[in-house]
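Engineer: Contents are PDB, C-alpha atoms, pLDDT in the B column; file name upload33.pdb:
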```pdb
ATOM      1  CA  MET A 131       3.258  17.661  -3.318  1.00 43.00           C
ATOM      2  CA  SER A 132       6.455  17.099  -1.381  1.00 47.00           C
ATOM      3  CA  ALA A 133       8.790  20.049  -1.121  1.00 43.00           C
ATOM      4  CA  LEU A 134      11.622  17.618  -1.785  1.00 47.00           C
ATOM      5  CA  ILE A 135      10.432  16.396  -5.160  1.00 56.00           C
ATOM      6  CA  ASN A 136       9.658  18.651  -8.121  1.00 69.00           C
ATOM      7  CA  LEU A 137       7.889  16.084 -10.259  1.00 91.00           C
ATOM      8  CA  ASP A 138       5.590  16.696 -13.215  1.00 95.00           C
ATOM      9  CA  LEU A 139       3.243  13.772 -13.854  1.00 97.00           C
ATOM     10  CA  SER A 140       0.947  15.689 -16.198  1.00 97.00           C
ATOM     11  CA  GLY A 141      -0.592  13.326 -18.721  1.00 97.00           C
ATOM     12  CA  ARG A 142      -0.057  10.295 -16.487  1.00 98.00           C
ATOM     13  CA  THR A 143      -2.889   8.339 -14.912  1.00 98.00           C
ATOM     14  CA  ALA A 144      -2.720   6.724 -11.493  1.00 98.00           C
ATOM     15  CA  ILE A 145      -4.714   4.281  -9.390  1.00 98.00           C
ATOM     16  CA  VAL A 146      -4.550   4.385  -5.599  1.00 98.00           C
ATOM     17  CA  THR A 147      -6.404   1.709  -3.648  1.00 98.00           C
ATOM     18  CA  GLY A 148      -7.608   2.422  -0.143  1.00 97.00           C
ATOM     19  CA  GLY A 149      -7.164   6.092  -0.905  1.00 97.00           C
ATOM     20  CA  VAL A 150      -9.668   7.782   1.427  1.00 97.00           C
ATOM     21  CA  SER A 151      -7.488   7.962   4.544  1.00 95.00           C
ATOM     22  CA  GLY A 152      -4.005   7.428   5.915  1.00 95.00           C
ATOM     23  CA  ILE A 153      -1.236   6.463   3.502  1.00 97.00           C
ATOM     24  CA  GLY A 154      -3.589   6.093   0.543  1.00 97.00           C
ATOM     25  CA  LEU A 155      -4.998   9.581   0.992  1.00 98.00           C
ATOM     26  CA  ALA A 156      -1.505  11.076   1.257  1.00 98.00           C
ATOM     27  CA  CYS A 157      -0.429   9.221  -1.907  1.00 98.00           C
ATOM     28  CA  ALA A 158      -3.505  10.294  -3.872  1.00 98.00           C
ATOM     29  CA  GLN A 159      -2.983  13.917  -2.879  1.00 98.00           C
ATOM     30  CA  ALA A 160       0.726  13.802  -3.745  1.00 97.00           C
ATOM     31  CA  LEU A 161       0.060  12.295  -7.177  1.00 98.00           C
ATOM     32  CA  GLY A 162      -2.720  14.755  -7.883  1.00 98.00           C
ATOM     33  CA  ALA A 163      -0.524  17.688  -6.877  1.00 96.00           C
ATOM     34  CA  ALA A 164       2.138  16.386  -9.264  1.00 97.00           C
ATOM     35  CA  GLY A 165      -0.359  16.536 -12.139  1.00 97.00           C
ATOM     36  CA  ALA A 166      -1.465  12.906 -12.435  1.00 98.00           C
ATOM     37  CA  GLU A 167      -5.100  12.034 -13.075  1.00 98.00           C
ATOM     38  CA  VAL A 168      -5.884   9.917 -10.029  1.00 98.00           C
ATOM     39  CA  THR A 169      -8.525   7.246  -9.625  1.00 98.00           C
ATOM     40  CA  VAL A 170      -9.133   6.437  -5.976  1.00 98.00           C
ATOM     41  CA  ILE A 171     -10.562   2.971  -5.346  1.00 98.00           C
ATOM     42  CA  ASP A 172     -12.129   2.313  -1.981  1.00 98.00           C
ATOM     43  CA  LEU A 173     -14.936   0.337  -0.386  1.00 97.00           C
ATOM     44  CA  ASP A 174     -16.731   3.655   0.174  1.00 97.00           C
ATOM     45  CA  GLY A 175     -17.342   5.071  -3.288  1.00 98.00           C
ATOM     46  CA  ASP A 176     -18.677   8.406  -2.035  1.00 98.00           C
ATOM     47  CA  ALA A 177     -15.603   8.938   0.122  1.00 98.00           C
ATOM     48  CA  ALA A 178     -13.376   7.966  -2.813  1.00 98.00           C
ATOM     49  CA  ALA A 179     -15.071  10.566  -4.996  1.00 98.00           C
ATOM     50  CA  ALA A 180     -14.753  13.193  -2.267  1.00 98.00           C
ATOM     51  CA  VAL A 181     -10.982  12.651  -2.237  1.00 98.00           C
ATOM     52  CA  ALA A 182     -10.450  12.334  -5.989  1.00 98.00           C
ATOM     53  CA  GLU A 183     -12.682  15.003  -7.461  1.00 97.00           C
ATOM     54  CA  PRO A 184     -10.902  18.017  -5.899  1.00 97.00           C
ATOM     55  CA  LEU A 185      -7.716  16.589  -7.424  1.00 97.00           C
ATOM     56  CA  GLY A 186      -9.325  16.418 -10.860  1.00 97.00           C
ATOM     57  CA  GLY A 187      -9.612  12.652 -10.591  1.00 98.00           C
ATOM     58  CA  HIS A 188     -12.267   9.987 -10.129  1.00 98.00           C
ATOM     59  CA  GLY A 189     -13.581   7.894  -7.270  1.00 98.00           C
ATOM     60  CA  LEU A 190     -14.576   4.263  -7.618  1.00 98.00           C
ATOM     61  CA  GLY A 191     -16.363   2.165  -5.018  1.00 98.00           C
ATOM     62  CA  ALA A 192     -15.293  -1.474  -5.033  1.00 98.00           C
ATOM     63  CA  ASP A 193     -15.144  -4.296  -2.500  1.00 98.00           C
ATOM     64  CA  LEU A 194     -11.677  -5.678  -3.173  1.00 98.00           C
ATOM     65  CA  SER A 195     -12.347  -8.638  -0.889  1.00 97.00           C
ATOM     66  CA  ASP A 196     -14.824  -9.999  -3.453  1.00 97.00           C
ATOM     67  CA  SER A 197     -13.203 -12.020  -6.239  1.00 95.00           C
ATOM     68  CA  ALA A 198     -16.168 -11.382  -8.524  1.00 97.00           C
ATOM     69  CA  VAL A 199     -15.621  -7.638  -8.146  1.00 97.00           C
ATOM     70  CA  LEU A 200     -11.929  -8.078  -8.881  1.00 97.00           C
ATOM     71  CA  ASP A 201     -12.771 -10.042 -12.023  1.00 96.00           C
ATOM     72  CA  SER A 202     -15.136  -7.306 -13.189  1.00 96.00           C
ATOM     73  CA  LEU A 203     -12.830  -4.308 -12.691  1.00 95.00           C
ATOM     74  CA  ASP A 204     -12.093  -2.630 -16.006  1.00 95.00           C
ATOM     75  CA  ILE A 205      -9.474   0.009 -15.231  1.00 97.00           C
ATOM     76  CA  THR A 206      -5.865   0.597 -16.165  1.00 98.00           C
ATOM     77  CA  ALA A 207      -3.273   3.249 -15.351  1.00 98.00           C
ATOM     78  CA  ASP A 208       0.344   4.312 -15.819  1.00 98.00           C
ATOM     79  CA  ILE A 209       0.957   4.323 -12.058  1.00 98.00           C
ATOM     80  CA  ILE A 210      -0.492   1.843  -9.590  1.00 98.00           C
ATOM     81  CA  VAL A 211      -0.233   2.338  -5.845  1.00 99.00           C
ATOM     82  CA  ASN A 212      -1.466  -0.815  -4.106  1.00 98.00           C
ATOM     83  CA  ASN A 213      -2.315   0.377  -0.629  1.00 98.00           C
ATOM     84  CA  ALA A 214      -5.693  -1.084   0.408  1.00 97.00           C
ATOM     85  CA  GLY A 215      -5.640  -3.425   3.348  1.00 95.00           C
ATOM     86  CA  PHE A 216      -7.086  -4.329   6.707  1.00 93.00           C
ATOM     87  CA  GLN A 217      -5.892  -6.134   9.788  1.00 91.00           C
ATOM     88  CA  ARG A 218      -7.144  -8.722  12.242  1.00 92.00           C
ATOM     89  CA  VAL A 219      -5.168  -9.786  15.300  1.00 89.00           C
ATOM     90  CA  ALA A 220      -5.686 -13.290  16.710  1.00 93.00           C
ATOM     91  CA  PRO A 221      -3.743 -16.528  17.297  1.00 95.00           C
ATOM     92  CA  VAL A 222      -3.638 -18.850  14.296  1.00 98.00           C
ATOM     93  CA  GLN A 223      -5.914 -21.450  15.913  1.00 98.00           C
ATOM     94  CA  GLU A 224      -8.549 -18.771  16.525  1.00 97.00           C
ATOM     95  CA  PHE A 225      -8.212 -16.937  13.211  1.00 98.00           C
ATOM     96  CA  GLU A 226     -11.377 -17.034  11.103  1.00 98.00           C
ATOM     97  CA  PRO A 227     -10.597 -18.728   7.752  1.00 98.00           C
ATOM     98  CA  GLU A 228     -12.849 -16.409   5.744  1.00 98.00           C
ATOM     99  CA  THR A 229     -11.151 -13.361   7.255  1.00 98.00           C
ATOM    100  CA  PHE A 230      -7.784 -14.872   6.318  1.00 98.00           C
ATOM    101  CA  ARG A 231      -8.995 -15.358   2.732  1.00 98.00           C
ATOM    102  CA  ALA A 232     -10.470 -11.856   2.539  1.00 98.00           C
ATOM    103  CA  ILE A 233      -7.174 -10.290   3.601  1.00 98.00           C
ATOM    104  CA  GLN A 234      -5.365 -12.234   0.872  1.00 98.00           C
ATOM    105  CA  ARG A 235      -7.854 -11.015  -1.717  1.00 98.00           C
ATOM    106  CA  VAL A 236      -7.599  -7.360  -0.726  1.00 98.00           C
ATOM    107  CA  MET A 237      -3.836  -7.246  -0.183  1.00 98.00           C
ATOM    108  CA  LEU A 238      -2.493  -9.735  -2.735  1.00 98.00           C
ATOM    109  CA  GLU A 239      -5.110 -10.776  -5.306  1.00 98.00           C
ATOM    110  CA  ALA A 240      -6.316  -7.204  -5.931  1.00 98.00           C
ATOM    111  CA  PRO A 241      -2.768  -5.901  -6.583  1.00 98.00           C
ATOM    112  CA  PHE A 242      -2.193  -8.811  -8.969  1.00 98.00           C
ATOM    113  CA  MET A 243      -5.382  -8.086 -10.887  1.00 98.00           C
ATOM    114  CA  LEU A 244      -4.714  -4.340 -11.165  1.00 98.00           C
ATOM    115  CA  ILE A 245      -1.116  -4.859 -12.241  1.00 98.00           C
ATOM    116  CA  ARG A 246      -2.094  -7.574 -14.709  1.00 98.00           C
ATOM    117  CA  ALA A 247      -4.653  -5.307 -16.351  1.00 98.00           C
ATOM    118  CA  SER A 248      -2.283  -2.330 -16.639  1.00 98.00           C
ATOM    119  CA  LEU A 249       0.935  -4.004 -17.789  1.00 98.00           C
ATOM    120  CA  PRO A 250      -0.020  -4.139 -21.507  1.00 98.00           C
ATOM    121  CA  ARG A 251      -0.644  -0.379 -21.429  1.00 98.00           C
ATOM    122  CA  MET A 252       2.634   0.227 -19.597  1.00 98.00           C
ATOM    123  CA  TYR A 253       4.574  -2.046 -21.942  1.00 98.00           C
ATOM    124  CA  GLU A 254       3.148  -0.331 -25.012  1.00 98.00           C
ATOM    125  CA  GLN A 255       4.240   3.107 -23.872  1.00 98.00           C
ATOM    126  CA  LYS A 256       7.532   1.855 -22.383  1.00 98.00           C
ATOM    127  CA  TRP A 257       6.780   3.476 -19.017  1.00 98.00           C
ATOM    128  CA  GLY A 258       5.047   2.365 -15.872  1.00 98.00           C
ATOM    129  CA  ARG A 259       5.356   2.551 -12.113  1.00 98.00           C
ATOM    130  CA  VAL A 260       4.068   0.009  -9.608  1.00 99.00           C
ATOM    131  CA  VAL A 261       4.439   1.016  -5.972  1.00 99.00           C
ATOM    132  CA  ASN A 262       3.233  -1.543  -3.460  1.00 98.00           C
ATOM    133  CA  ILE A 263       2.629  -0.281   0.050  1.00 98.00           C
ATOM    134  CA  SER A 264       3.944  -3.273   1.941  1.00 98.00           C
ATOM    135  CA  SER A 265       5.063  -3.161   5.562  1.00 97.00           C
ATOM    136  CA  ALA A 266       7.840  -4.082   7.916  1.00 95.00           C
ATOM    137  CA  HIS A 267       5.657  -7.184   8.183  1.00 96.00           C
ATOM    138  CA  GLY A 268       6.538  -7.922   4.571  1.00 97.00           C
ATOM    139  CA  LEU A 269      10.100  -8.450   5.826  1.00 97.00           C
ATOM    140  CA  ARG A 270       9.500  -9.712   9.364  1.00 96.00           C
ATOM    141  CA  ALA A 271       6.791 -11.679  11.137  1.00 96.00           C
ATOM    142  CA  SER A 272       4.831 -10.878  14.277  1.00 93.00           C
ATOM    143  CA  ALA A 273       2.694 -13.155  16.392  1.00 93.00           C
ATOM    144  CA  PHE A 274      -1.100 -12.963  15.990  1.00 93.00           C
ATOM    145  CA  LYS A 275      -0.924 -11.511  12.448  1.00 95.00           C
ATOM    146  CA  SER A 276      -0.876 -14.624  10.262  1.00 98.00           C
ATOM    147  CA  ALA A 277      -3.105 -13.254   7.478  1.00 98.00           C
ATOM    148  CA  TYR A 278      -1.494  -9.810   7.270  1.00 97.00           C
ATOM    149  CA  VAL A 279       2.070 -11.156   7.348  1.00 98.00           C
ATOM    150  CA  SER A 280       1.243 -13.804   4.751  1.00 98.00           C
ATOM    151  CA  ALA A 281      -0.330 -11.251   2.410  1.00 98.00           C
ATOM    152  CA  LYS A 282       2.538  -8.789   2.736  1.00 98.00           C
ATOM    153  CA  HIS A 283       5.150 -11.490   2.124  1.00 98.00           C
ATOM    154  CA  GLY A 284       3.199 -12.509  -0.980  1.00 98.00           C
ATOM    155  CA  LEU A 285       3.049  -8.891  -2.153  1.00 98.00           C
ATOM    156  CA  GLU A 286       6.836  -8.684  -1.854  1.00 98.00           C
ATOM    157  CA  GLY A 287       7.189 -11.680  -4.151  1.00 98.00           C
ATOM    158  CA  LEU A 288       4.679 -10.359  -6.665  1.00 98.00           C
ATOM    159  CA  SER A 289       6.473  -7.012  -6.763  1.00 98.00           C
ATOM    160  CA  LYS A 290       9.810  -8.646  -7.533  1.00 98.00           C
ATOM    161  CA  VAL A 291       8.376 -10.786 -10.333  1.00 99.00           C
ATOM    162  CA  VAL A 292       6.766  -7.709 -11.914  1.00 99.00           C
ATOM    163  CA  ALA A 293      10.124  -5.912 -11.635  1.00 98.00           C
ATOM    164  CA  LEU A 294      11.933  -8.708 -13.466  1.00 98.00           C
ATOM    165  CA  GLU A 295       9.324  -9.048 -16.207  1.00 98.00           C
ATOM    166  CA  GLY A 296       8.805  -5.320 -16.666  1.00 98.00           C
ATOM    167  CA  ALA A 297      12.410  -4.136 -16.696  1.00 98.00           C
ATOM    168  CA  GLU A 298      12.893  -4.351 -20.457  1.00 98.00           C
ATOM    169  CA  HIS A 299       9.627  -2.486 -20.962  1.00 98.00           C
ATOM    170  CA  GLY A 300      10.429   0.578 -18.848  1.00 98.00           C
ATOM    171  CA  VAL A 301       8.292  -0.564 -15.917  1.00 98.00           C
ATOM    172  CA  THR A 302       9.546  -0.455 -12.336  1.00 98.00           C
ATOM    173  CA  SER A 303       8.004  -2.228  -9.371  1.00 99.00           C
ATOM    174  CA  ASN A 304       8.958  -1.610  -5.757  1.00 98.00           C
ATOM    175  CA  CYS A 305       7.675  -2.034  -2.230  1.00 98.00           C
ATOM    176  CA  ILE A 306       7.621   0.518   0.557  1.00 98.00           C
ATOM    177  CA  ASN A 307       7.859  -1.067   3.987  1.00 98.00           C
ATOM    178  CA  PRO A 308       6.720   1.272   6.745  1.00 96.00           C
ATOM    179  CA  GLY A 309       6.714   0.477  10.417  1.00 92.00           C
ATOM    180  CA  TYR A 310       3.748   1.764  12.351  1.00 87.00           C
ATOM    181  CA  VAL A 311       2.160   4.765  10.616  1.00 90.00           C
ATOM    182  CA  ARG A 312      -0.387   7.037  12.249  1.00 83.00           C
ATOM    183  CA  THR A 313      -3.413   5.776  10.302  1.00 84.00           C
ATOM    184  CA  PRO A 314      -6.916   4.541  11.168  1.00 78.00           C
ATOM    185  CA  LEU A 315      -5.750   0.968  10.446  1.00 73.00           C
ATOM    186  CA  VAL A 316      -3.088   1.193  13.153  1.00 78.00           C
ATOM    187  CA  VAL A 317      -5.373   2.907  15.666  1.00 77.00           C
ATOM    188  CA  LYS A 318      -7.924   0.104  15.247  1.00 76.00           C
ATOM    189  CA  GLN A 319      -5.257  -2.476  16.151  1.00 77.00           C
ATOM    190  CA  ILE A 320      -4.583  -1.100  19.605  1.00 84.00           C
ATOM    191  CA  ALA A 321      -7.549  -2.746  21.356  1.00 82.00           C
ATOM    192  CA  ASP A 322      -6.984  -6.100  19.609  1.00 79.00           C
ATOM    193  CA  GLN A 323      -3.274  -6.029  20.433  1.00 80.00           C
ATOM    194  CA  ALA A 324      -4.005  -5.191  24.066  1.00 86.00           C
ATOM    195  CA  LYS A 325      -6.404  -8.138  24.309  1.00 84.00           C
ATOM    196  CA  ALA A 326      -3.995 -10.543  22.588  1.00 81.00           C
ATOM    197  CA  HIS A 327      -1.101  -9.555  24.850  1.00 84.00           C
ATOM    198  CA  GLY A 328      -3.098  -9.205  28.051  1.00 90.00           C
ATOM    199  CA  MET A 329      -2.206  -5.582  28.742  1.00 89.00           C
ATOM    200  CA  SER A 330      -3.821  -2.171  28.705  1.00 90.00           C
ATOM    201  CA  GLU A 331      -4.196  -0.092  25.551  1.00 86.00           C
ATOM    202  CA  GLU A 332      -1.874   2.509  27.079  1.00 84.00           C
ATOM    203  CA  GLU A 333       0.858  -0.111  27.504  1.00 86.00           C
ATOM    204  CA  VAL A 334       0.517  -1.835  24.155  1.00 85.00           C
ATOM    205  CA  VAL A 335       1.771   1.042  21.958  1.00 81.00           C
ATOM    206  CA  PRO A 336       5.272   1.474  23.481  1.00 81.00           C
ATOM    207  CA  LYS A 337       5.698  -2.102  24.725  1.00 83.00           C
ATOM    208  CA  VAL A 338       4.409  -4.021  21.691  1.00 84.00           C
ATOM    209  CA  MET A 339       3.753  -1.861  18.641  1.00 82.00           C
ATOM    210  CA  LEU A 340       6.874   0.314  18.822  1.00 83.00           C
ATOM    211  CA  HIS A 341       9.019  -2.093  20.797  1.00 84.00           C
ATOM    212  CA  ARG A 342      11.184  -3.175  17.858  1.00 84.00           C
ATOM    213  CA  MET A 343      11.575   0.292  16.380  1.00 82.00           C
ATOM    214  CA  ALA A 344      14.799   2.000  17.404  1.00 82.00           C
ATOM    215  CA  ARG A 345      13.114   5.344  16.704  1.00 89.00           C
ATOM    216  CA  LYS A 346      10.000   4.931  18.803  1.00 82.00           C
ATOM    217  CA  VAL A 347       7.820   7.347  16.888  1.00 80.00           C
ATOM    218  CA  MET A 348       5.015   6.505  14.475  1.00 79.00           C
ATOM    219  CA  LEU A 349       5.549   7.624  10.886  1.00 89.00           C
ATOM    220  CA  GLU A 350       3.250  10.141   9.276  1.00 93.00           C
ATOM    221  CA  PRO A 351       1.440   9.163   6.039  1.00 96.00           C
ATOM    222  CA  GLU A 352       3.121  12.013   4.142  1.00 96.00           C
ATOM    223  CA  GLU A 353       6.533  10.438   4.728  1.00 96.00           C
ATOM    224  CA  VAL A 354       5.421   7.338   2.848  1.00 97.00           C
ATOM    225  CA  ALA A 355       3.864   9.451   0.082  1.00 97.00           C
ATOM    226  CA  ASP A 356       7.158  11.303  -0.388  1.00 96.00           C
ATOM    227  CA  LEU A 357       8.989   8.047  -1.074  1.00 98.00           C
ATOM    228  CA  MET A 358       6.189   6.838  -3.350  1.00 98.00           C
ATOM    229  CA  LEU A 359       6.478  10.028  -5.384  1.00 97.00           C
ATOM    230  CA  PHE A 360      10.239   9.631  -5.700  1.00 97.00           C
ATOM    231  CA  LEU A 361       9.793   6.078  -6.988  1.00 98.00           C
ATOM    232  CA  CYS A 362       7.537   7.475  -9.737  1.00 97.00           C
ATOM    233  CA  SER A 363      10.214   9.934 -10.863  1.00 96.00           C
ATOM    234  CA  ASP A 364      12.808   9.553 -13.621  1.00 93.00           C
ATOM    235  CA  SER A 365      15.474   9.701 -10.914  1.00 94.00           C
ATOM    236  CA  ALA A 366      14.276   6.267  -9.796  1.00 96.00           C
ATOM    237  CA  VAL A 367      14.330   4.653 -13.246  1.00 96.00           C
ATOM    238  CA  SER A 368      16.997   2.131 -12.186  1.00 97.00           C
ATOM    239  CA  ILE A 369      15.356   1.340  -8.854  1.00 98.00           C
ATOM    240  CA  THR A 370      13.215  -1.755  -9.253  1.00 98.00           C
ATOM    241  CA  GLY A 371      12.591  -4.985  -7.398  1.00 98.00           C
ATOM    242  CA  THR A 372      13.490  -3.345  -4.113  1.00 98.00           C
ATOM    243  CA  SER A 373      11.887  -3.053  -0.683  1.00 98.00           C
ATOM    244  CA  TYR A 374      12.370   0.271   1.079  1.00 97.00           C
ATOM    245  CA  ALA A 375      12.214  -0.074   4.860  1.00 96.00           C
ATOM    246  CA  MET A 376      10.780   3.013   6.586  1.00 95.00           C
ATOM    247  CA  ASP A 377      10.558   1.438   9.995  1.00 90.00           C
ATOM    248  CA  GLY A 378      12.610   3.449  12.451  1.00 88.00           C
ATOM    249  CA  GLY A 379      15.253   0.721  12.502  1.00 91.00           C
ATOM    250  CA  TRP A 380      12.839  -2.190  13.126  1.00 87.00           C
ATOM    251  CA  THR A 381      14.396  -4.499  10.512  1.00 90.00           C
ATOM    252  CA  ALA A 382      17.974  -3.431  11.253  1.00 90.00           C
ATOM    253  CA  SER A 383      18.262  -6.048  13.975  1.00 78.00           C
TER     254      SER A 383
END
```
So that I can check it, write out the structure of this file as structure tokens.
Structural biologist:
Amino acid sequence: MSALINLDLSGRTAIVTGGVSGIGLACAQALGAAGAEVTVIDLDGDAAAAVAEPLGGHGLGADLSDSAVLDSLDITADIIVNNAGFQRVAPVQEFEPETFRAIQRVMLEAPFMLIRASLPRMYEQKWGRVVNISSAHGLRASAFKSAYVSAKHGLEGLSKVVALEGAEHGVTSNCINPGYVRTPLVVKQIADQAKAHGMSEEEVVPKVMLHRMARKVMLEPEEVADLMLFLCSDSAVSITGTSYAMDGGWTAS
């Protein structure tokens, strides 16, 4: 748990999607350290269990790109961290339609379904926290990322609607908007970005990926988890419907 936040979430349950690596792993570990019972949902069920069980939680394997799987999920929680996602980089005219649809399902439809299922529970107990791991791309666009940018912009809108509807019931909903974070998702983009921009992989990180960040350093996953944990605290009870940029100054210009 963060040294900055002394938070006791004992008795609370949490869901973290995409929780086996990167931001999701850091969030699951932070919530578990704070006392929450964490369910990690990931495509790899064994990996999800390996993360969750040492925290006293549970792992669940689920393909969130499959609408039938989303319809069949039967799980609720007091805290939802919507983090799962994947990226493809290509011009719009070359973007595969099914990949576009799959990204929307994982990054927008799955959050909707998980939130929808858990809101009655949250409303009944007059407490709930929804933290959506969005992106600087939820606030700004980039070329070659039509599906990812579309999904993140949609997630921003969903988060705000949940904030408005949930306010009278003690439920907050916020987005965290990191720039580039040192995660497997970002590392996998380097080759695609280099190909799309016609440059070497060594050039693409400073010249493309970090170009718009005033602080040209990738974030660490634990930085995002710290903010997530704060948004779950009572100190953040009046913070809802917001989007927290953690982007090294990317969206300042």
Engineer: Measuring between all atoms listed in the file, which one of A:Ser330, A:Gln234, A:Thr143, A:Ser383 shows the shortest distance to A:Ile210?
Structural biologist: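 Checking each of A:Ser330, A:Gln234, A:Thr143, A:Ser383 against A:Ile210, counting all atoms listed in the file, the winner is A:Thr143.
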Engineer: For A:Val150, please output as a list in words all residues within 12 Å (counting all atoms listed in the file; exclusion window: fewer than 6 positions along the same chain).
Structural biologist: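 Here the answer would be Ala156, Cys157, Ala158, Gln159, Thr169, Val170, Ile171, Asp172, Leu173, Asp174, Gly175, Asp176, Ala177, Ala178, Ala179, Ala180, Val181, Ala182, Glu183, Gly189, Leu190, Gly191, Asn213, Ala214, Thr313, Pro314 and Leu315 of chain A.
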Engineer: Applied to this file, what does the PyMOL selection byres ((chain A and resi 347) around 10) return in terms of residues, put as a list in words?
Structural biologist: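 When the PyMOL selection byres ((chain A and resi 347) around 10) is applied to the shown file, the picked residues are Gly309, Tyr310, Val311, Arg312, Pro336, Leu340, Met343, Ala344, Arg345, Lys346, Met348, Leu349, Glu350, Asp377 and Gly378 of chain A.
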Engineer: Using only C-alpha atoms, I'd like a table of the residues in stretch 185-278 of chain A that come within 7 Å of stretch 297-306 of chain A; for each, show the closest atom pair and its distance in Å rounded to one decimal, ordered by chain and ascending number, as a tab-separated table.
Structural biologist:
```
residue	atom	partner	partner_atom	distance
A:Met252	CA	A:Val301	CA	6.8
A:Tyr253	CA	A:His299	CA	5.2
A:Lys256	CA	A:Gly300	CA	4.7
A:Trp257	CA	A:Gly300	CA	4.7
A:Gly258	CA	A:Val301	CA	4.4
A:Arg259	CA	A:Thr302	CA	5.2
A:Val260	CA	A:Ser303	CA	4.5
A:Val261	CA	A:Asn304	CA	5.2
A:Asn262	CA	A:Cys305	CA	4.6
A:Ile263	CA	A:Ile306	CA	5.1
A:Ser264	CA	A:Ile306	CA	5.5
A:Ser265	CA	A:Ile306	CA	6.7
```
Engineer: In Å, with one decimal, what is the gap from atom CA of A:Glu239 to atom CA of A:Ala281?
Structural biologist: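 Distance reported for this atom pair: 9.1 Å.
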Engineer: Could you tell me which of A:Met339, A:Ala163, A:Val367, A:Ala293 comes closest to A:Trp380 if we count all atoms listed in the file?
Structural biologist: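 Counting all atoms listed in the file, the residue closest to A:Trp380 is A:Met339.
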Engineer: On this structure, the PyMOL selection byres ((chain A and resi 320-326) around 10) would catch which residues? List them as a PyMOL selection string, sorted by chain and number.
Structural biologist: chain A and resi 217-221+273-275+315-319+327-335+338-339
Engineer: What does the file look like for those residues with C-alpha atoms, as a compact mmCIF listing (two decimals), in the frame of the given file?
Structural biologist:
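Dumped everything to part38.txt:
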```
# COMPACT_ATOMS: atom_id res chain seq x y z
CA GLN A 217 -5.89 -6.13 9.79
CA ARG A 218 -7.14 -8.72 12.24
CA VAL A 219 -5.17 -9.79 15.30
CA ALA A 220 -5.69 -13.29 16.71
CA PRO A 221 -3.74 -16.53 17.30
CA ALA A 273 2.69 -13.16 16.39
CA PHE A 274 -1.10 -12.96 15.99
CA LYS A 275 -0.92 -11.51 12.45
CA LEU A 315 -5.75 0.97 10.45
CA VAL A 316 -3.09 1.19 13.15
CA VAL A 317 -5.37 2.91 15.67
CA LYS A 318 -7.92 0.10 15.25
CA GLN A 319 -5.26 -2.48 16.15
CA HIS A 327 -1.10 -9.56 24.85
CA GLY A 328 -3.10 -9.20 28.05
CA MET A 329 -2.21 -5.58 28.74
CA SER A 330 -3.82 -2.17 28.70
CA GLU A 331 -4.20 -0.09 25.55
CA GLU A 332 -1.87 2.51 27.08
CA GLU A 333 0.86 -0.11 27.50
CA VAL A 334 0.52 -1.84 24.16
CA VAL A 335 1.77 1.04 21.96
CA VAL A 338 4.41 -4.02 21.69
CA MET A 339 3.75 -1.86 18.64
```
Engineer: Please, what distance in Å, to one decimal, runs between atom CA of A:Met237 and atom CA of A:Leu285?
Structural biologist: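 Separation between atom CA of A:Met237 and atom CA of A:Leu285: 7.3 Å.
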Engineer: Considering only C-alpha atoms, can you say which of A:Leu288, A:Leu361, A:Ala355, A:Ala277 comes closest to A:Thr229?
Structural biologist: A:Ala277
Engineer: Mind pulling up the distance from atom CA of A:Thr147 to atom CA of A:Leu200?
Structural biologist: 12.4 Å
Engineer: Considering all atoms listed in the file, can you say which of A:Leu238, A:Ala366, A:Ala247, A:Met376 comes closest to A:Ser195?
Structural biologist: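 Ranked by minimum distance to A:Ser195, first place goes to A:Leu238.
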Engineer: Out of A:Gly152, A:Gly284, A:Gly187, A:Gly162, which residue has the shortest atom-to-atom distance to A:His267 when counting only C-alpha atoms?
Structural biologist: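 With only C-alpha atoms as the atom set, the closest residue is A:Gly284.
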Engineer: Which residues come within 6 Å of A:Ala164, counting only C-alpha atoms, excluding same-chain residues fewer than 3 positions away, as an MDAnalysis selection string?
Structural biologist: chainID A and resid 137:139 161
Engineer: Might you pull out every residue within 12 Å of A:Ala198, with all atoms listed in the file counted and same-chain residues fewer than 4 positions away left off, and present them as JSON, numbers by chain?
Structural biologist: {"A": [192, 193, 194, 202, 203, 235, 239, 240, 243]}
